[in-house]
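S.K.: I have a structure here, written as structure tokens, and I will follow up with some questions on it.
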Amino acid sequence: MASNNDVAALLEEVPFKNYPPWVVQKLRPQAVDLIRRVHKWVENECIPAEPILKAQLAQGKSRWVTPPLIYELRKKAKAQGLFNIFLPNHFKESPGLTNLEYSCCAELMGRVYWAAQTMNCHAPDTGNMELLAKYCSEEQKQKWLKPLMDGEAFSAYSMTEPDVASSDATNISCRLTLDKSTNEYVINGRKLYGNVLWNDEVKFHILMACSDPGNPNPWRRHTMIIVPRDTPGHRQVRNLSIMGYDHAPDGHGEYIYENARVPAENVIWGEGRAFDIAQGRLGPGRIHHCMRLVGQAERAYEFALLRCMDERKKPRGRLIGSFDSNIERIAQMRLEIDSMKLVVMNAADTMDIRGNKAGRYVIAQSKIMVPEKLAAVIDDCMQMYGGQGLTQHTPLPEMWTYARFVRLADGPDAAHRHQVGRDQLKAAKKENLVSKYEGYRDRERDLRKLWKMEGLDDEFDWEYIPLASSSKL
Ligand SMILES: Cc1cc2nc3c(=O)[nH]c(=O)nc-3n(C[C@H](O)[C@H](O)[C@H](O)COP(=O)(O)OP(=O)(O)OC[C@H]3O[C@@H](n4cnc5c(N)ncnc54)[C@H](O)[C@@H]3O)c2cc1C
């Protein structure tokens, strides 16, 4: 742990001055070095290149071809040791960052929507790499995991379906049937989302499908299987635009499987294990979006500050930032961003100290609060920027869209709330809240005796618990 003097010195330096002291105190020297380099990378290589990427996408022969800038940046990032820095400690290639240390890096990446991709730290490949590393055989790892880690292939995670409520994955109905005569699985169904197959860098989908619908145990009915691109019978119908954005060159596809055939050896960890695998995927990757969203909000906030100081924009002859209402709005936005940063960093730190399972509540807390609050902050930034804030003159509308979609992309926030609420009620039962209140009542009885107030008027009595023993004084 760094000394208070070292922490104080770091807190004077960008980007550390944006973090709370308790976070900076926990950063080890190798993390400090990496955070500095990620900061430099995003500021020098990504932010100034935003218009170039847009232009390359517009000028390319298709929007689904990855522009040359991204290839160039990936090569450079790899050479500088900035590749795969999300990897948890059990990978030999891992830089060994804690979740808390990585949250500082991810926030910086978040300042540009696509910066994480230049460092091979983007969704869904980060979650897929963890999944493949954890549950695949050695042969499968060589074939599917290695190209992802080398940044030579992309993948998709394909669970959601248009015809069922997919937030409850026991509903997933795409069928997977083993043809024993050829030792192949036959797939039939419809899927939504997952990076587009039109981009030929996407080499496979990790598909969740129903292999045993009659199994009395609903948690054993589903299987995960790797579907290589160009599998006959697997077809992309269209790209799904998100609030009008196509998110090229990665996109979100809608897919049909019509008697698509995949070798049985592509099953991950065995038939019926999809829910075990999905549980294992519930790791730190689940809050990477939130970490990056803090970075998006920081950037949106800078746009609002710029507008406040813009000499060209003076309603009633005054700078926008000179109106009291805007000064208050700036303060409120700062408070919201800082409080969401604390929520995310607390989740990361809790996972470091107590593990992913014990971090269940703080992960849900991040996923519920961060996208909703930061979407409101970005919305305010757009408003302060004026009409241009809603146009392609700024990245603000895309940032708002990102915040908005995170409320659904890893499961709807309502489902996380439902889980938190149920857990809270269960905990209240387990910790025996009722008997705690019966204890207060007993103690009250003693105190009444002490104060000779046994005959206290009902008017002063609490009715907070149904007393099993009806022991009214
Ligand atoms: C930009 C984006 C990217 C995505 N990427 C992927 C991807 O890569 N792979 C993939 O498989 N999917 C992806 N998804 C899909 C996403 O995971 C699903 O949309 C999500 O899980 C919800 O499933 P559903 O759409 O079927 O909604 P449903 O399950 O039908 O839920 C609809 C609504 O019902 C309510 N609801 C659901 N459960 C509860 C509950 N427990 N309590 C109270 N209310 C509830 C909520 O309001 C919820 O929004 C992506 C989505 C978006 C928007």
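Going by the structure tokens order, chains are called A, B, ..., each with residues numbered from 1, while ligands are numbered from 1 in the order shown.
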So which residues are near ligand 1, meaning at most 7 Å away with only C-alpha atoms and all ligand atoms counted, given back as a PDB file with N, CA and C atoms, in the first residue's frame?
M.R.:
ATOM      1  N   PRO A 124     -18.504  -8.485 -26.609  1.00  0.00           N
ATOM      2  CA  PRO A 124     -18.649  -9.567 -25.652  1.00  0.00           C
ATOM      3  C   PRO A 124     -17.418 -10.457 -25.572  1.00  0.00           C
ATOM      4  N   ALA A 156     -19.243 -13.800 -30.842  1.00  0.00           N
ATOM      5  CA  ALA A 156     -20.518 -13.244 -30.377  1.00  0.00           C
ATOM      6  C   ALA A 156     -21.085 -14.184 -29.323  1.00  0.00           C
ATOM      7  N   TYR A 157     -21.938 -13.629 -28.456  1.00  0.00           N
ATOM      8  CA  TYR A 157     -22.631 -14.435 -27.446  1.00  0.00           C
ATOM      9  C   TYR A 157     -24.107 -14.401 -27.813  1.00  0.00           C
ATOM     10  N   SER A 158     -24.703 -15.558 -28.064  1.00  0.00           N
ATOM     11  CA  SER A 158     -26.028 -15.589 -28.648  1.00  0.00           C
ATOM     12  C   SER A 158     -27.008 -16.348 -27.761  1.00  0.00           C
ATOM     13  N   MET A 159     -27.736 -15.591 -26.959  1.00  0.00           N
ATOM     14  CA  MET A 159     -28.717 -16.188 -26.067  1.00  0.00           C
ATOM     15  C   MET A 159     -30.129 -15.681 -26.383  1.00  0.00           C
ATOM     16  N   THR A 160     -30.275 -14.363 -26.518  1.00  0.00           N
ATOM     17  CA  THR A 160     -31.607 -13.741 -26.600  1.00  0.00           C
ATOM     18  C   THR A 160     -32.395 -14.203 -27.826  1.00  0.00           C
ATOM     19  N   GLU A 161     -33.710 -14.371 -27.617  1.00  0.00           N
ATOM     20  CA  GLU A 161     -34.601 -14.782 -28.711  1.00  0.00           C
ATOM     21  C   GLU A 161     -35.786 -13.819 -28.802  1.00  0.00           C
ATOM     22  N   PRO A 162     -36.330 -13.637 -30.007  1.00  0.00           N
ATOM     23  CA  PRO A 162     -37.444 -12.695 -30.146  1.00  0.00           C
ATOM     24  C   PRO A 162     -38.770 -13.256 -29.626  1.00  0.00           C
ATOM     25  N   VAL A 164     -39.423 -15.307 -26.906  1.00  0.00           N
ATOM     26  CA  VAL A 164     -39.608 -15.636 -25.481  1.00  0.00           C
ATOM     27  C   VAL A 164     -39.013 -14.516 -24.630  1.00  0.00           C
ATOM     28  N   ALA A 165     -39.374 -14.502 -23.330  1.00  0.00           N
ATOM     29  CA  ALA A 165     -38.769 -13.529 -22.401  1.00  0.00           C
ATOM     30  C   ALA A 165     -37.386 -14.047 -22.040  1.00  0.00           C
ATOM     31  N   SER A 166     -36.367 -13.485 -22.685  1.00  0.00           N
ATOM     32  CA  SER A 166     -35.024 -14.064 -22.577  1.00  0.00           C
ATOM     33  C   SER A 166     -34.315 -13.674 -21.291  1.00  0.00           C
ATOM     34  N   SER A 167     -34.849 -12.662 -20.563  1.00  0.00           N
ATOM     35  CA  SER A 167     -34.198 -12.315 -19.297  1.00  0.00           C
ATOM     36  C   SER A 167     -34.317 -13.489 -18.323  1.00  0.00           C
ATOM     37  N   ASP A 168     -35.292 -14.364 -18.549  1.00  0.00           N
ATOM     38  CA  ASP A 168     -35.367 -15.633 -17.815  1.00  0.00           C
ATOM     39  C   ASP A 168     -34.921 -16.719 -18.798  1.00  0.00           C
ATOM     40  N   LEU A 192     -31.672 -13.126 -31.478  1.00  0.00           N
ATOM     41  CA  LEU A 192     -31.447 -11.684 -31.617  1.00  0.00           C
ATOM     42  C   LEU A 192     -30.122 -11.309 -30.956  1.00  0.00           C
ATOM     43  N   TYR A 193     -29.472 -10.322 -31.508  1.00  0.00           N
ATOM     44  CA  TYR A 193     -28.214  -9.770 -30.976  1.00  0.00           C
ATOM     45  C   TYR A 193     -27.029 -10.694 -31.267  1.00  0.00           C
ATOM     46  N   GLY A 194     -25.865 -10.240 -30.830  1.00  0.00           N
ATOM     47  CA  GLY A 194     -24.623 -10.943 -31.174  1.00  0.00           C
ATOM     48  C   GLY A 194     -24.029 -10.256 -32.396  1.00  0.00           C
ATOM     49  N   ASN A 195     -22.696  -9.989 -32.331  1.00  0.00           N
ATOM     50  CA  ASN A 195     -22.036  -9.225 -33.408  1.00  0.00           C
ATOM     51  C   ASN A 195     -22.320  -9.816 -34.786  1.00  0.00           C
ATOM     52  N   ILE A 242     -29.665   0.283 -32.923  1.00  0.00           N
ATOM     53  CA  ILE A 242     -30.000   0.632 -31.537  1.00  0.00           C
ATOM     54  C   ILE A 242     -30.267   2.131 -31.499  1.00  0.00           C
ATOM     55  N   HIS A 252     -25.356  -5.610 -34.321  1.00  0.00           N
ATOM     56  CA  HIS A 252     -26.110  -6.579 -33.510  1.00  0.00           C
ATOM     57  C   HIS A 252     -27.036  -7.299 -34.482  1.00  0.00           C
ATOM     58  N   PHE A 405     -28.616   1.642 -23.482  1.00  0.00           N
ATOM     59  CA  PHE A 405     -28.696   0.218 -23.813  1.00  0.00           C
ATOM     60  C   PHE A 405     -28.120  -0.670 -22.714  1.00  0.00           C
ATOM     61  N   VAL A 406     -27.223  -0.097 -21.895  1.00  0.00           N
ATOM     62  CA  VAL A 406     -26.688  -0.926 -20.799  1.00  0.00           C
ATOM     63  C   VAL A 406     -27.792  -1.282 -19.782  1.00  0.00           C
ATOM     64  N   LEU A 408     -30.302  -2.684 -20.528  1.00  0.00           N
ATOM     65  CA  LEU A 408     -30.870  -3.954 -20.991  1.00  0.00           C
ATOM     66  C   LEU A 408     -29.823  -5.010 -21.367  1.00  0.00           C
ATOM     67  N   ALA A 409     -28.691  -4.542 -21.882  1.00  0.00           N
ATOM     68  CA  ALA A 409     -27.814  -5.463 -22.615  1.00  0.00           C
ATOM     69  C   ALA A 409     -27.359  -6.685 -21.820  1.00  0.00           C
ATOM     70  N   ASP A 410     -27.108  -6.531 -20.541  1.00  0.00           N
ATOM     71  CA  ASP A 410     -26.682  -7.685 -19.724  1.00  0.00           C
ATOM     72  C   ASP A 410     -27.823  -8.161 -18.850  1.00  0.00           C
ATOM     73  N   GLY A 411     -29.041  -8.022 -19.344  1.00  0.00           N
ATOM     74  CA  GLY A 411     -30.218  -8.341 -18.545  1.00  0.00           C
ATOM     75  C   GLY A 411     -30.863  -7.050 -18.086  1.00  0.00           C
ATOM     76  N   PRO A 412     -32.204  -6.961 -18.085  1.00  0.00           N
ATOM     77  CA  PRO A 412     -32.874  -5.709 -17.735  1.00  0.00           C
ATOM     78  C   PRO A 412     -32.665  -5.324 -16.275  1.00  0.00           C
ATOM     79  N   ALA A 414     -34.731  -4.190 -14.296  1.00  0.00           N
ATOM     80  CA  ALA A 414     -35.849  -4.663 -13.463  1.00  0.00           C
ATOM     81  C   ALA A 414     -35.536  -6.059 -12.901  1.00  0.00           C
ATOM     82  N   ALA A 415     -34.870  -6.875 -13.705  1.00  0.00           N
ATOM     83  CA  ALA A 415     -34.536  -8.233 -13.233  1.00  0.00           C
ATOM     84  C   ALA A 415     -33.494  -8.155 -12.114  1.00  0.00           C
ATOM     85  N   HIS A 418     -35.312  -7.043  -9.031  1.00  0.00           N
ATOM     86  CA  HIS A 418     -36.084  -8.178  -8.527  1.00  0.00           C
ATOM     87  C   HIS A 418     -35.183  -9.089  -7.678  1.00  0.00           C
TER      88      HIS A 418
END
S.K.: I'd like to know which residues of region 227-333 of chain A are strand (DSSP E) (by DSSP, run on the backbone); could you write them as a count of residues only?
M.R.: 19
S.K.: Which residue gives the smallest distance to Met149 (chain A) among A:Gly280, A:Gly386, A:Gly127, A:Pro232, with only C-alpha atoms counted?
M.R.: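 Checking each candidate against Met149 (chain A), we get A:Gly127 as the closest.
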S.K.: Can you tell me how far CA of Gly110 (chain A) sits from CA of Met291 (chain A), in Å to one decimal?
M.R.: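 Between CA of Gly110 (chain A) and CA of Met291 (chain A) the gap is 7.3 Å.
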S.K.: When distances are computed from only C-alpha atoms, which of A:Ala364, A:Ile337, A:Val7, A:Leu305 shows the smallest separation from Tyr385 (chain A)?
M.R.: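 Once distances to Tyr385 (chain A) are computed over only C-alpha atoms, the minimum belongs to A:Leu305.
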S.K.: Can you check which parts of region 290-311 of chain A lie within 9 Å of region 97-107 of chain A? Per residue, the shortest pair of atoms and distance in Å to one decimal, counting only C-alpha atoms, sorted by chain and number, as a tab-separated table.
M.R.:
residue	atom	partner	partner_atom	distance
A:Cys290	CA	A:Glu107	CA	8.5
A:Met291	CA	A:Glu107	CA	5.1
A:Arg292	CA	A:Glu107	CA	4.5
A:Leu293	CA	A:Glu107	CA	7.1
A:Val294	CA	A:Glu107	CA	5.8
A:Gly295	CA	A:Glu107	CA	4.4
A:Gln296	CA	A:Glu107	CA	7.9
A:Glu298	CA	A:Glu107	CA	8.9
S.K.: May I have the residues within 8 Å of region 53-69 of chain A as a list in words, using only C-alpha atoms and disregarding those fewer than 4 positions away in the same chain?
M.R.: Ala49, Leu73, Trp198, Asn199, Asp200, Glu201, Ala248, Pro249 and Asp250 of chain A
S.K.: Give me the residues within 9 Å of Glu93 (chain A) as number ranges by chain, counting only C-alpha atoms and dropping any in the same chain fewer than 5 places off.
M.R.: A: 84-85, 87
S.K.: Just the selected residues (C-alpha atoms), exported as a short mmCIF file (atom, residue, chain, number, x, y, z; two decimals), in the first residue's frame, please.
M.R.:
data_model
loop_
_atom_site.label_atom_id
_atom_site.label_comp_id
_atom_site.auth_asym_id
_atom_site.auth_seq_id
_atom_site.Cartn_x
_atom_site.Cartn_y
_atom_site.Cartn_z
CA ASN A 84 -5.86 -8.04 -22.97
CA ILE A 85 -5.30 -6.06 -19.78
CA LEU A 87 -7.57 -10.68 -18.11
#
